[in-house]
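Asker: Compact mmCIF, C-alpha atoms, saved as model_36.txt, coming up:
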# COMPACT_ATOMS: atom_id res chain seq x y z
CA MET A 90 9.63 -34.66 72.94
CA LYS A 91 10.20 -38.34 72.33
CA ARG A 92 8.13 -39.22 69.37
CA LYS A 93 8.44 -40.44 65.80
CA LEU A 94 6.96 -37.82 63.68
CA ILE A 95 6.41 -40.09 60.64
CA VAL A 96 3.53 -41.57 62.86
CA ALA A 97 0.13 -39.87 62.57
CA VAL A 98 -0.78 -37.66 65.49
CA SER A 99 -4.50 -37.04 66.15
CA VAL A 100 -6.81 -34.71 68.02
CA VAL A 101 -10.30 -36.15 68.40
CA GLY A 102 -13.38 -34.86 70.22
CA MET A 103 -17.03 -35.31 71.01
CA MET A 104 -19.80 -32.75 71.22
CA ALA A 105 -22.11 -32.67 74.17
CA GLY A 106 -25.83 -33.01 73.45
CA LEU A 107 -27.83 -29.82 73.61
CA ALA A 108 -30.88 -29.28 75.74
CA ALA A 109 -33.68 -27.22 74.24
CA CYS A 110 -35.11 -24.34 76.25
CA GLY A 111 -38.62 -25.04 77.52
CA ASN A 112 -40.41 -22.19 75.75
CA GLY A 113 -42.22 -24.32 73.17
CA ASP A 114 -40.30 -22.89 70.19
CA ASP A 115 -37.85 -25.72 69.51
CA ASP A 116 -35.98 -24.09 66.63
CA LYS A 117 -35.48 -20.81 68.49
CA ALA A 118 -34.58 -22.62 71.68
CA LYS A 119 -31.90 -24.65 69.95
CA ALA A 120 -30.47 -21.54 68.33
CA ASP A 121 -30.45 -19.66 71.62
CA ALA A 122 -28.98 -22.57 73.53
CA GLY A 123 -26.12 -23.10 71.11
CA PRO A 124 -23.36 -25.69 71.54
CA LYS A 125 -22.07 -25.91 75.07
CA GLU A 126 -18.93 -27.94 74.52
CA ILE A 127 -16.37 -28.96 71.93
CA THR A 128 -13.81 -31.61 72.70
CA VAL A 129 -10.23 -31.89 71.49
CA TRP A 130 -8.20 -35.07 71.61
CA VAL A 131 -4.45 -34.59 71.86
CA MET A 132 -1.85 -37.30 71.63
CA ASP A 133 0.27 -37.99 74.66
CA GLY A 134 3.02 -35.35 74.66
CA SER A 135 1.62 -33.46 71.69
CA ALA A 136 0.45 -30.20 73.25
CA PRO A 137 2.11 -28.62 76.32
CA LYS A 138 -0.48 -28.08 79.04
CA ALA A 139 0.33 -24.39 79.45
CA TRP A 140 -0.17 -23.84 75.74
CA ILE A 141 -3.44 -25.75 75.38
CA ASP A 142 -4.77 -23.98 78.48
CA ALA A 143 -3.92 -20.62 76.94
CA VAL A 144 -5.68 -21.46 73.67
CA ASN A 145 -8.78 -22.66 75.48
CA ALA A 146 -8.84 -19.64 77.79
CA GLU A 147 -8.71 -17.27 74.83
CA PHE A 148 -11.41 -19.24 73.05
CA SER A 149 -13.70 -19.34 76.11
CA ALA A 150 -13.29 -15.60 76.65
CA LYS A 151 -14.66 -15.01 73.15
CA HIS A 152 -17.41 -17.57 73.60
CA PRO A 153 -18.81 -17.40 77.14
CA GLY A 154 -20.61 -20.57 78.06
CA VAL A 155 -18.77 -22.69 75.50
CA THR A 156 -16.08 -24.92 76.95
CA VAL A 157 -13.37 -27.01 75.37
CA LYS A 158 -12.85 -30.54 76.63
CA VAL A 159 -9.34 -31.87 76.04
CA GLU A 160 -8.70 -35.62 76.06
CA THR A 161 -5.25 -37.19 75.80
CA GLN A 162 -4.92 -40.20 73.53
CA GLN A 163 -2.25 -42.86 73.23
CA TRP A 164 -0.46 -43.80 70.02
CA LYS A 165 -1.46 -47.45 69.84
CA GLY A 166 -4.44 -47.93 67.56
CA ILE A 167 -4.99 -44.21 66.97
CA GLN A 168 -5.40 -44.47 63.18
CA GLU A 169 -8.20 -46.99 63.51
CA LYS A 170 -9.76 -44.88 66.24
CA VAL A 171 -9.75 -41.74 64.08
CA THR A 172 -11.16 -43.61 61.09
CA THR A 173 -14.01 -44.91 63.21
CA ALA A 174 -14.67 -41.52 64.79
CA LEU A 175 -14.94 -39.77 61.44
CA SER A 176 -17.60 -42.22 60.28
CA GLU A 177 -19.86 -41.71 63.29
CA ASP A 178 -22.78 -39.28 63.67
CA THR A 179 -21.07 -37.49 66.55
CA PRO A 180 -17.47 -37.26 65.36
CA PRO A 181 -14.71 -35.13 66.82
CA ASP A 182 -14.92 -31.45 65.98
CA VAL A 183 -11.18 -30.94 65.57
CA LEU A 184 -8.54 -33.54 64.73
CA GLU A 185 -4.77 -33.46 64.68
CA LEU A 186 -3.53 -35.64 61.85
CA GLY A 187 -0.10 -36.70 60.64
CA ASN A 188 0.87 -34.56 57.68
CA THR A 189 1.52 -37.53 55.38
CA GLN A 190 -1.89 -39.04 56.18
CA THR A 191 -4.19 -36.03 56.00
CA ALA A 192 -4.92 -36.66 52.33
CA GLY A 193 -6.19 -40.14 53.07
CA TYR A 194 -8.78 -38.87 55.52
CA ALA A 195 -9.78 -35.99 53.25
CA VAL A 196 -10.61 -38.06 50.17
CA THR A 197 -12.88 -40.33 52.16
CA GLY A 198 -15.06 -37.31 52.94
CA GLY A 199 -14.16 -37.35 56.61
CA LEU A 200 -12.71 -33.84 56.76
CA ALA A 201 -14.42 -30.50 56.24
CA GLU A 202 -13.15 -28.40 53.36
CA LEU A 203 -11.65 -25.13 54.63
CA THR A 204 -10.76 -23.39 51.37
CA LYS A 205 -13.22 -20.55 51.91
CA ASP A 206 -11.88 -20.06 55.44
CA LYS A 207 -8.25 -19.41 54.46
CA ALA A 208 -8.34 -15.72 55.37
CA LYS A 209 -9.97 -16.41 58.74
CA LEU A 210 -7.42 -19.11 59.50
CA GLY A 211 -4.44 -16.95 58.50
CA ALA A 212 -3.27 -19.26 55.72
CA ASP A 213 -1.16 -16.61 54.00
CA ALA A 214 1.34 -16.76 56.86
CA TRP A 215 1.78 -20.54 56.86
CA ALA A 216 5.06 -22.03 55.68
CA LYS A 217 4.66 -23.29 52.13
CA GLY A 218 6.51 -26.50 52.87
CA MET A 219 4.00 -27.37 55.60
CA LEU A 220 0.94 -26.07 53.74
CA ALA A 221 1.46 -28.56 50.92
CA SER A 222 0.35 -31.44 53.14
CA ALA A 223 -2.89 -29.65 54.06
CA GLU A 224 -4.17 -29.24 50.51
CA ILE A 225 -5.42 -31.63 47.84
CA ASP A 226 -6.09 -30.45 44.29
CA GLY A 227 -6.02 -26.84 45.43
CA LYS A 228 -8.54 -27.37 48.23
CA LEU A 229 -7.68 -26.85 51.89
CA TYR A 230 -8.60 -29.58 54.38
CA SER A 231 -6.50 -28.72 57.40
CA ALA A 232 -4.15 -26.18 58.94
CA PRO A 233 -0.48 -27.09 59.33
CA TRP A 234 0.47 -27.10 63.00
CA TYR A 235 4.09 -28.10 63.54
CA ALA A 236 6.93 -30.04 61.96
CA ALA A 237 10.37 -31.39 62.68
CA ASN A 238 13.26 -32.54 60.54
CA ARG A 239 16.57 -34.33 60.75
CA VAL A 240 20.01 -32.76 61.11
CA VAL A 241 23.54 -34.11 61.39
CA VAL A 242 24.57 -34.84 64.97
CA TYR A 243 28.33 -34.94 65.50
CA ASP A 244 30.84 -35.69 68.24
CA LYS A 245 32.65 -32.41 68.90
CA LYS A 246 35.79 -34.14 70.17
CA ALA A 247 36.07 -36.38 67.11
CA TYR A 248 35.62 -33.45 64.78
CA ALA A 249 38.17 -31.35 66.66
CA LYS A 250 40.71 -34.19 66.63
CA ALA A 251 40.35 -34.54 62.85
CA GLY A 252 40.38 -30.79 62.27
CA VAL A 253 36.90 -30.86 60.77
CA THR A 254 34.39 -28.03 61.02
CA PRO A 255 30.67 -28.25 60.18
CA PRO A 256 30.39 -28.33 56.36
CA THR A 257 28.08 -26.19 54.25
CA THR A 258 28.29 -28.17 50.99
CA ARG A 259 28.19 -31.83 50.01
CA ASP A 260 31.82 -31.72 48.86
CA GLU A 261 32.95 -30.28 52.20
CA TRP A 262 30.88 -32.96 53.97
CA VAL A 263 32.61 -35.82 52.14
CA ALA A 264 36.05 -34.22 52.60
CA GLY A 265 35.38 -33.99 56.33
CA LEU A 266 34.36 -37.64 56.51
CA GLU A 267 37.62 -38.59 54.81
CA LYS A 268 39.57 -36.63 57.44
CA LEU A 269 37.61 -38.31 60.23
CA LYS A 270 38.41 -41.73 58.80
CA ALA A 271 42.10 -40.90 58.56
CA ALA A 272 42.20 -39.51 62.11
CA ASP A 273 40.53 -42.58 63.65
CA PRO A 274 40.29 -45.62 61.36
CA LYS A 275 38.50 -47.64 64.05
CA SER A 276 35.56 -45.22 64.29
CA GLN A 277 32.71 -44.63 61.85
CA PRO A 278 32.92 -41.12 60.37
CA ILE A 279 29.15 -41.37 59.99
CA TYR A 280 26.64 -44.00 61.03
CA LEU A 281 24.23 -44.32 58.11
CA PRO A 282 22.07 -47.44 57.66
CA GLY A 283 21.32 -48.47 54.11
CA GLN A 284 17.59 -47.79 54.35
CA SER A 285 17.29 -44.29 55.85
CA TRP A 286 14.92 -43.36 53.04
CA TYR A 287 13.85 -40.00 54.46
CA VAL A 288 17.48 -38.91 54.07
CA LEU A 289 17.55 -40.21 50.50
CA ALA A 290 14.31 -38.34 49.77
CA GLY A 291 16.07 -35.08 50.56
CA PHE A 292 18.88 -35.90 48.15
CA ILE A 293 16.36 -36.73 45.41
CA TRP A 294 14.60 -33.41 45.97
CA ASP A 295 17.97 -31.63 45.82
CA GLU A 296 18.48 -33.15 42.37
CA GLY A 297 15.10 -31.88 41.18
CA GLY A 298 13.37 -35.27 41.33
CA ASP A 299 10.69 -36.80 43.53
CA LEU A 300 9.71 -40.16 44.98
CA ALA A 301 6.60 -40.26 42.80
CA VAL A 302 4.98 -37.89 40.31
CA LYS A 303 1.51 -37.39 38.87
CA ASP A 304 1.08 -38.97 35.44
CA GLY A 305 -2.29 -37.90 34.07
CA ALA A 306 -4.96 -39.22 36.40
CA LYS A 307 -2.56 -41.62 38.09
CA TRP A 308 0.83 -41.62 39.78
CA LYS A 309 4.11 -43.23 38.82
CA GLY A 310 7.30 -43.86 40.75
CA GLY A 311 10.22 -41.47 40.40
CA LEU A 312 13.19 -43.72 41.18
CA ALA A 313 14.10 -44.82 37.65
CA THR A 314 15.29 -41.32 36.82
CA PRO A 315 18.68 -39.62 36.46
CA GLN A 316 17.81 -37.46 39.48
CA ALA A 317 17.18 -40.46 41.72
CA ALA A 318 20.29 -42.19 40.37
CA SER A 319 22.46 -39.19 41.27
CA ALA A 320 20.85 -39.01 44.70
CA VAL A 321 21.33 -42.67 45.57
CA GLU A 322 24.93 -42.62 44.29
CA PHE A 323 25.66 -39.76 46.68
CA TYR A 324 23.93 -41.70 49.45
CA LYS A 325 26.11 -44.69 48.56
CA LYS A 326 29.23 -42.53 48.89
CA LEU A 327 28.18 -41.40 52.36
CA GLN A 328 27.22 -44.92 53.38
CA SER A 329 30.67 -46.18 52.40
CA PHE A 330 32.02 -44.38 55.48
CA SER A 331 29.69 -46.42 57.69
CA THR A 332 29.66 -50.01 58.89
CA ALA A 333 25.88 -49.87 59.40
CA PRO A 334 23.87 -52.66 57.74
CA LYS A 335 22.77 -51.99 54.17
CA ASP A 336 19.43 -53.74 54.66
CA LYS A 337 18.24 -51.94 57.82
CA ASP A 338 16.88 -48.50 58.67
CA GLU A 339 17.78 -46.12 61.49
CA ALA A 340 15.36 -47.80 63.90
CA THR A 341 16.63 -51.38 63.50
CA PRO A 342 18.67 -51.22 65.61
CA GLN A 343 17.71 -47.86 67.08
CA GLN A 344 20.70 -45.68 66.24
CA SER A 345 20.24 -43.21 69.07
CA THR A 346 20.11 -45.70 71.95
CA ASP A 347 21.58 -48.95 70.61
CA ILE A 348 24.47 -47.71 68.44
CA VAL A 349 25.70 -44.20 69.34
CA PRO A 350 26.06 -44.78 73.11
CA LYS A 351 28.45 -47.68 72.46
CA GLY A 352 30.98 -45.21 71.03
CA GLY A 353 32.95 -45.17 67.82
CA VAL A 354 30.46 -42.97 65.94
CA SER A 355 31.67 -39.53 64.88
CA SER A 356 28.37 -38.40 63.35
CA TRP A 357 24.89 -39.54 62.42
CA ILE A 358 21.62 -38.10 61.09
CA GLY A 359 18.64 -37.88 63.40
CA LEU A 360 15.64 -36.10 64.89
CA GLY A 361 15.56 -34.07 68.08
CA TRP A 362 14.12 -36.84 70.22
CA GLU A 363 16.87 -39.14 68.97
CA ALA A 364 19.59 -36.66 69.90
CA GLY A 365 18.06 -36.32 73.35
CA GLY A 366 17.80 -40.08 73.71
CA ALA A 367 21.44 -40.59 72.76
CA GLU A 368 22.57 -37.93 75.20
CA LYS A 369 20.60 -39.50 78.03
CA ALA A 370 21.86 -42.99 77.22
CA LEU A 371 25.46 -41.78 77.26
CA LYS A 372 25.03 -39.98 80.57
CA ASP A 373 23.28 -42.99 82.12
CA ALA A 374 26.31 -45.06 81.11
CA GLY A 375 28.64 -42.56 82.77
CA LYS A 376 29.96 -41.26 79.45
CA GLU A 377 30.29 -37.71 78.21
CA ALA A 378 27.81 -36.47 75.63
CA ASP A 379 29.19 -33.48 73.76
CA PHE A 380 27.20 -33.15 70.55
CA GLY A 381 27.21 -30.48 67.89
CA TYR A 382 24.63 -30.08 65.14
CA PHE A 383 24.49 -28.83 61.57
CA PRO A 384 21.93 -28.98 58.73
CA ILE A 385 22.38 -31.66 56.10
CA PRO A 386 24.55 -29.80 53.57
CA GLY A 387 23.23 -28.84 50.15
CA LYS A 388 24.96 -29.00 46.80
CA THR A 389 25.97 -25.35 47.22
CA ALA A 390 26.59 -23.22 50.29
CA ASP A 391 23.73 -20.78 49.67
CA LYS A 392 21.14 -23.12 51.21
CA PRO A 393 21.12 -26.39 53.17
CA GLY A 394 20.00 -29.68 51.73
CA THR A 395 16.30 -30.37 51.39
CA VAL A 396 14.82 -32.30 54.31
CA PHE A 397 11.62 -34.20 54.98
CA LEU A 398 9.25 -32.29 57.25
CA GLY A 399 7.39 -34.72 59.48
CA GLY A 400 4.62 -33.21 61.57
CA SER A 401 0.95 -32.65 62.18
CA ASN A 402 -2.04 -30.79 60.82
CA LEU A 403 -5.22 -29.67 62.54
CA ALA A 404 -8.43 -30.56 60.74
CA ILE A 405 -12.20 -30.39 61.31
CA ALA A 406 -14.52 -33.35 60.93
CA GLU A 407 -17.03 -33.07 58.11
CA ARG A 408 -19.78 -34.41 60.37
CA SER A 409 -19.00 -32.02 63.21
CA LYS A 410 -22.11 -30.32 64.57
CA ASN A 411 -19.96 -27.36 65.66
CA LYS A 412 -18.04 -26.41 62.52
CA ASP A 413 -18.17 -22.66 63.06
CA LEU A 414 -16.87 -22.93 66.61
CA ALA A 415 -14.31 -25.49 65.53
CA LYS A 416 -13.02 -23.12 62.87
CA GLU A 417 -12.65 -20.34 65.44
CA TRP A 418 -10.76 -22.63 67.78
CA LEU A 419 -8.57 -23.72 64.88
CA ALA A 420 -7.89 -20.12 63.88
CA LEU A 421 -6.63 -19.40 67.39
CA ALA A 422 -4.54 -22.56 67.71
CA ALA A 423 -2.91 -22.16 64.28
CA GLY A 424 -2.55 -18.37 64.48
CA LYS A 425 0.68 -16.45 64.99
CA ASP A 426 0.12 -15.49 68.64
CA GLN A 427 -0.56 -19.00 69.88
CA MET A 428 2.00 -20.59 67.57
CA THR A 429 4.63 -18.23 68.99
CA LYS A 430 3.71 -19.46 72.46
CA TYR A 431 3.76 -23.05 71.23
CA ALA A 432 7.28 -22.70 69.85
CA ALA A 433 8.43 -21.18 73.13
CA GLU A 434 6.78 -23.92 75.19
CA THR A 435 8.47 -26.64 73.14
CA LYS A 436 11.75 -24.67 73.32
CA GLY A 437 12.31 -24.95 69.60
CA ALA A 438 12.03 -28.75 69.55
CA LEU A 439 9.28 -28.35 66.95
CA LEU A 440 8.93 -25.88 64.11
CA PRO A 441 5.73 -23.79 64.22
CA ASN A 442 3.60 -23.42 61.10
CA GLN A 443 4.95 -19.96 60.29
CA VAL A 444 8.37 -18.37 60.33
CA GLY A 445 7.09 -15.36 62.27
CA ALA A 446 6.38 -17.61 65.25
CA ASN A 447 9.79 -19.26 65.39
CA PHE A 448 11.48 -19.65 68.76
CA ALA A 449 14.99 -18.18 69.03
CA PRO A 450 16.95 -21.27 70.10
CA PRO A 451 20.35 -21.15 71.79
CA ALA A 452 23.32 -20.90 69.46
CA GLY A 453 24.74 -24.30 68.62
CA SER A 454 21.62 -26.18 69.69
CA PHE A 455 19.78 -28.90 67.81
CA ALA A 456 16.81 -26.54 67.51
CA GLU A 457 18.95 -23.92 65.78
CA ALA A 458 20.23 -26.41 63.20
CA MET A 459 16.73 -27.82 62.69
CA ALA A 460 15.25 -24.38 62.08
CA LYS A 461 17.90 -23.60 59.46
CA ALA A 462 17.32 -26.91 57.71
CA GLY A 463 13.54 -26.73 58.01
CA ALA A 464 13.44 -23.61 55.88
CA ASN A 465 14.21 -25.92 52.96
CA GLY A 466 11.78 -28.69 53.86
CA LYS A 467 9.33 -30.78 51.82
CA ILE A 468 6.95 -33.69 52.35
CA THR A 469 6.25 -36.93 50.55
CA PRO A 470 3.78 -36.89 47.62
CA VAL A 471 0.37 -35.66 48.75
CA THR A 472 -2.02 -38.42 47.74
CA PRO A 473 -4.11 -40.93 49.70
CA GLY A 474 -2.23 -43.85 48.20
CA TRP A 475 1.10 -42.74 49.60
CA ALA A 476 0.45 -44.57 52.88
CA ASN A 477 0.48 -47.82 50.89
CA VAL A 478 4.01 -47.07 49.68
CA GLU A 479 5.36 -46.77 53.20
CA THR A 480 4.09 -50.17 54.35
CA GLU A 481 6.67 -52.93 54.68
CA PRO A 482 8.35 -54.16 52.63
CA ASN A 483 8.98 -50.57 51.58
CA PRO A 484 9.99 -50.44 47.87
CA ILE A 485 12.14 -47.35 48.46
CA LYS A 486 14.14 -49.20 51.09
CA ASP A 487 14.53 -52.18 48.79
CA PHE A 488 15.75 -49.87 46.02
CA MET A 489 18.40 -48.44 48.31
CA THR A 490 19.68 -51.80 49.49
CA LYS A 491 19.91 -53.13 45.94
CA VAL A 492 21.96 -50.15 44.78
CA LEU A 493 24.23 -50.28 47.82
CA ASN A 494 24.86 -53.94 47.03
CA GLY A 495 25.82 -53.19 43.44
CA THR A 496 22.63 -53.21 41.37
CA ASP A 497 22.45 -50.54 38.68
CA PRO A 498 20.29 -47.63 39.93
CA ALA A 499 18.21 -47.58 36.73
CA LYS A 500 17.37 -51.28 37.03
CA ALA A 501 16.62 -51.10 40.75
CA GLY A 502 14.64 -47.90 40.19
CA ALA A 503 12.47 -49.46 37.50
CA GLU A 504 11.63 -52.38 39.76
CA ALA A 505 10.77 -50.03 42.62
CA ASP A 506 8.69 -47.77 40.40
CA THR A 507 6.50 -50.68 39.33
CA GLU A 508 5.73 -51.47 42.95
CA ILE A 509 5.24 -47.83 43.86
CA ALA A 510 2.72 -47.37 41.03
CA ASN A 511 0.83 -50.51 42.06
CA ARG A 512 0.54 -49.28 45.63
CA ILE A 513 0.04 -45.55 45.22
CA ASN A 514 -2.80 -45.91 42.71
CA LYS A 515 -4.87 -48.22 44.91
Please express what this file holds, its structure, as structure tokens.
Answerer:
Amino acid sequence: MKRKLIVAVSVVGMMAGLAACGNGDDDKAKADAGPKEITVWVMDGSAPKAWIDAVNAEFSAKHPGVTVKVETQQWKGIQEKVTTALSEDTPPDVLELGNTQTAGYAVTGGLAELTKDKAKLGADAWAKGMLASAEIDGKLYSAPWYAANRVVVYDKKAYAKAGVTPPTTRDEWVAGLEKLKAADPKSQPIYLPGQSWYVLAGFIWDEGGDLAVKDGAKWKGGLATPQAASAVEFYKKLQSFSTAPKDKDEATPQQSTDIVPKGGVSSWIGLGWEAGGAEKALKDAGKEADFGYFPIPGKTADKPGTVFLGGSNLAIAERSKNKDLAKEWLALAAGKDQMTKYAAETKGALLPNQVGANFAPPAGSFAEAMAKAGANGKITPVTPGWANVETEPNPIKDFMTKVLNGTDPAKAGAEADTEIANRINK
């Protein structure tokens, strides 16, 4: 599915008004009548029709007379639309929210707390890496739904020519890039822009650090640390094999459609929709697309490198008039049976919220590499202020560019940490 998963995805709905029975006993009539409809907003391309139909059919079978209205939303302006909806008297019952933005909606009081409903929702089965984005201070505000992560995409012919096989450690990765450079000096062993900060985040996590950490009641940046310094130095080593700009990210220009299809790129790091976009662009240009995939290597061969898990959570509006029904719908949608069907419908393009629901992708596919890497996934710091850090100019990107251009990591990190603290604590 062509989407950028660092963008918030939302499911929003409206409840139909209830008509009281005409027996004179208003309270009893309202109780007997019960809610007749809950509505779910899904983003364009978010939920396969066959899957959402199956969830709603199962829900309706358990609740005769209660229907689920599904409305498809577009990306443009969705964050403002969700914010407005949560403040209204008739808000959506269930919402799908980006996993890095759930905290922001929760602290404003817009989301219902679900801590007491963990057992009903099947929380014990959820992947810990995804669950982290659904909780704040030990309280549950949503159910993780799906995630995706980046892997290394490589040109099989270039690798074969250089005698390089997919690496399982950082050292093997660098050695392979050196072979690729020697085999074809005119090509880039890896295309890696200077500001691919989600990739750097994984390296920082591998070193035991983080982008920001809690410091008492507030947060502080984590880039002026030995861990971040080691991570960015390794990033700098990788980036030395690339001619990509040091002051741009992977979307400027878009690596998958503006760079890779032109040729001369032996490998790059991207999401599933990017790999698909590059393949289509190559075929449209009459060129062969023969990609292989492997997880970003870790420091040792026993597990792949840590990756950022971008995805979505399913939440319930605090002002929903149908919380009990919404929780039952959520339990079905986020449960193992329906998540297994979801993974199958998306053909492994997205990781379901629990390992037991994983789709068995074809050997050698992007989905196979993503699933292996996703087992070692994390998310950005869970705090409402994190969204402020990601706004441009992004201090993490600036930190990377400064180091790549020769600034000492400690100095650049200290400058970035000051800005991170100012933003994250707002």
Asker: Show which residues sit within 7 Å of Gln316 in chain A, as a VMD selection string. Count only C-alpha atoms, and ignore same-chain residues fewer than 4 positions away.
Answerer: chain A and resid 293 296 to 298 320
Asker: With C-alpha atoms kept, could you save the residues just selected as a PDB file, in the coordinates of the input?
Answerer:
ATOM      1  CA  ILE A 293      16.360 -36.730  45.410  1.00  0.00           C
ATOM      2  CA  GLU A 296      18.480 -33.150  42.370  1.00  0.00           C
ATOM      3  CA  GLY A 297      15.100 -31.880  41.180  1.00  0.00           C
ATOM      4  CA  GLY A 298      13.370 -35.270  41.330  1.00  0.00           C
ATOM      5  CA  ALA A 320      20.850 -39.010  44.700  1.00  0.00           C
TER       6      ALA A 320
END
Asker: At a cut-off of 10 Å from (3.9, -41.5, 40.8) in the coordinates of the file, what residues are picked up using all atoms listed in the file, written as a list of chain:residue names?
Answerer: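 The answer, in the requested form, is A:Asp299, A:Leu300, A:Ala301, A:Val302, A:Lys303, A:Asp304, A:Gly305, A:Lys307, A:Trp308, A:Lys309, A:Gly310, A:Gly311, A:Leu312, A:Pro470, A:Thr472, A:Gly474, A:Trp475, A:Asp506, A:Thr507, A:Ile509, A:Ala510, A:Asn511, A:Arg512, A:Ile513, A:Asn514.
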Asker: If I put a ball of radius 12 Å at (-17.0, -41.6, 63.9) in the file's coordinates, which residues poke into it when counting all atoms listed in the file, written as an NGL selection string?
Answerer: :A and (101-104 or 168-182 or 184 or 198-200 or 406-409)
Asker: Residues within 9 Å of range 434-442 of chain A, please, as a VMD selection string. Count all atoms listed in the file; anything in the same chain fewer than 4 positions from it doesn't count.
Answerer: chain A and resid 90 136 to 137 139 to 140 214 to 216 219 to 220 232 to 238 361 to 362 400 423 to 425 428 to 430 446 to 450 455 to 457 459 to 460 463
Asker: May I have the residues within 8 Å of Ala313 in chain A as a PDB file with C-alpha atoms, in the coordinates of the input, using all atoms listed in the file and disregarding those fewer than 5 positions away in the same chain?
Answerer:
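Result file is part.pdb:
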ATOM      1  CA  ALA A 318      20.290 -42.190  40.370  1.00  0.00           C
ATOM      2  CA  PRO A 498      20.290 -47.630  39.930  1.00  0.00           C
ATOM      3  CA  ALA A 499      18.210 -47.580  36.730  1.00  0.00           C
ATOM      4  CA  LYS A 500      17.370 -51.280  37.030  1.00  0.00           C
ATOM      5  CA  ALA A 501      16.620 -51.100  40.750  1.00  0.00           C
ATOM      6  CA  GLY A 502      14.640 -47.900  40.190  1.00  0.00           C
ATOM      7  CA  ALA A 503      12.470 -49.460  37.500  1.00  0.00           C
ATOM      8  CA  ALA A 505      10.770 -50.030  42.620  1.00  0.00           C
ATOM      9  CA  ASP A 506       8.690 -47.770  40.400  1.00  0.00           C
TER      10      ASP A 506
END
Asker: For range 410-418 of chain A, list every protein, DNA or RNA residue within 8 Å, evaluated using only C-alpha atoms, and leave out those in the same chain fewer than 3 positions away; present the list as a VMD selection string.
Answerer: chain A and resid 104 124 127 144 to 145 148 179 182 to 183 210 405 to 406 421 to 422
Asker: Could you jot down the CA of Thr156 in chain A to CA of Lys207 in chain A separation for me, Å, one decimal place?
Answerer: 24.4 Å
Asker: One number please: CA of Tyr324 in chain A to CA of Leu289 in chain A, in Å, one decimal.
Answerer: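 Separating CA of Tyr324 in chain A from CA of Leu289 in chain A is a distance of 6.6 Å.
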Asker: Could you check which of A:Pro451, A:Ala271, A:Tyr287, A:Val196 is closest to Asp226 in chain A, using only C-alpha atoms?
Answerer: A:Val196
Asker: CA of Gly291 in chain A and CA of Pro393 in chain A, how far apart in Å?
Answerer: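 Computing the Euclidean distance for CA of Pro393 in chain A and CA of Gly291 in chain A yields 10.4 Å.
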Asker: Smallest atom-to-atom distance to Val129 in chain A: which of A:Gly466, A:Leu419, A:Leu360, A:Asp273, using all atoms listed in the file?
Answerer: A:Leu419
Asker: Which residues come within 8 Å of Ser222 in chain A, counting all atoms listed in the file, excluding same-chain residues fewer than 3 positions away, as a list in words?
Answerer: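 Within the cut-off, the hits are Asn188, Thr189, Thr191, Ala192, Gly218, Met219, Ile225, Pro233, Ile468 and Val471 of chain A.
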Asker: As an mmCIF file, keeping the file's coordinate frame, please: range 399-409 of chain A completed to N, CA and C atoms.
Answerer:
data_model
loop_
_atom_site.group_PDB
_atom_site.id
_atom_site.type_symbol
_atom_site.label_atom_id
_atom_site.label_comp_id
_atom_site.auth_asym_id
_atom_site.auth_seq_id
_atom_site.Cartn_x
_atom_site.Cartn_y
_atom_site.Cartn_z
ATOM 1 N N GLY A 399 8.400 -33.869 58.868
ATOM 2 C CA GLY A 399 7.390 -34.720 59.480
ATOM 3 C C GLY A 399 6.655 -33.907 60.534
ATOM 4 N N GLY A 400 5.345 -34.010 60.591
ATOM 5 C CA GLY A 400 4.620 -33.210 61.570
ATOM 6 C C GLY A 400 3.144 -33.476 61.583
ATOM 7 N N SER A 401 2.393 -32.488 62.021
ATOM 8 C CA SER A 401 0.950 -32.650 62.180
ATOM 9 C C SER A 401 0.163 -31.477 61.644
ATOM 10 N N ASN A 402 -1.073 -31.792 61.255
ATOM 11 C CA ASN A 402 -2.040 -30.790 60.820
ATOM 12 C C ASN A 402 -3.248 -30.833 61.736
ATOM 13 N N LEU A 403 -3.971 -29.734 61.787
ATOM 14 C CA LEU A 403 -5.220 -29.670 62.540
ATOM 15 C C LEU A 403 -6.375 -29.582 61.558
ATOM 16 N N ALA A 404 -7.314 -30.495 61.673
ATOM 17 C CA ALA A 404 -8.430 -30.560 60.740
ATOM 18 C C ALA A 404 -9.763 -30.547 61.499
ATOM 19 N N ILE A 405 -10.850 -30.393 60.746
ATOM 20 C CA ILE A 405 -12.200 -30.390 61.310
ATOM 21 C C ILE A 405 -13.014 -31.488 60.648
ATOM 22 N N ALA A 406 -13.724 -32.243 61.456
ATOM 23 C CA ALA A 406 -14.520 -33.350 60.930
ATOM 24 C C ALA A 406 -15.684 -32.825 60.099
ATOM 25 N N GLU A 407 -15.925 -33.465 58.977
ATOM 26 C CA GLU A 407 -17.030 -33.070 58.110
ATOM 27 C C GLU A 407 -18.369 -33.206 58.823
ATOM 28 N N ARG A 408 -18.520 -34.189 59.684
ATOM 29 C CA ARG A 408 -19.780 -34.410 60.370
ATOM 30 C C ARG A 408 -19.900 -33.653 61.693
ATOM 31 N N SER A 409 -18.937 -32.811 61.974
ATOM 32 C CA SER A 409 -19.000 -32.020 63.210
ATOM 33 C C SER A 409 -20.276 -31.187 63.237
#
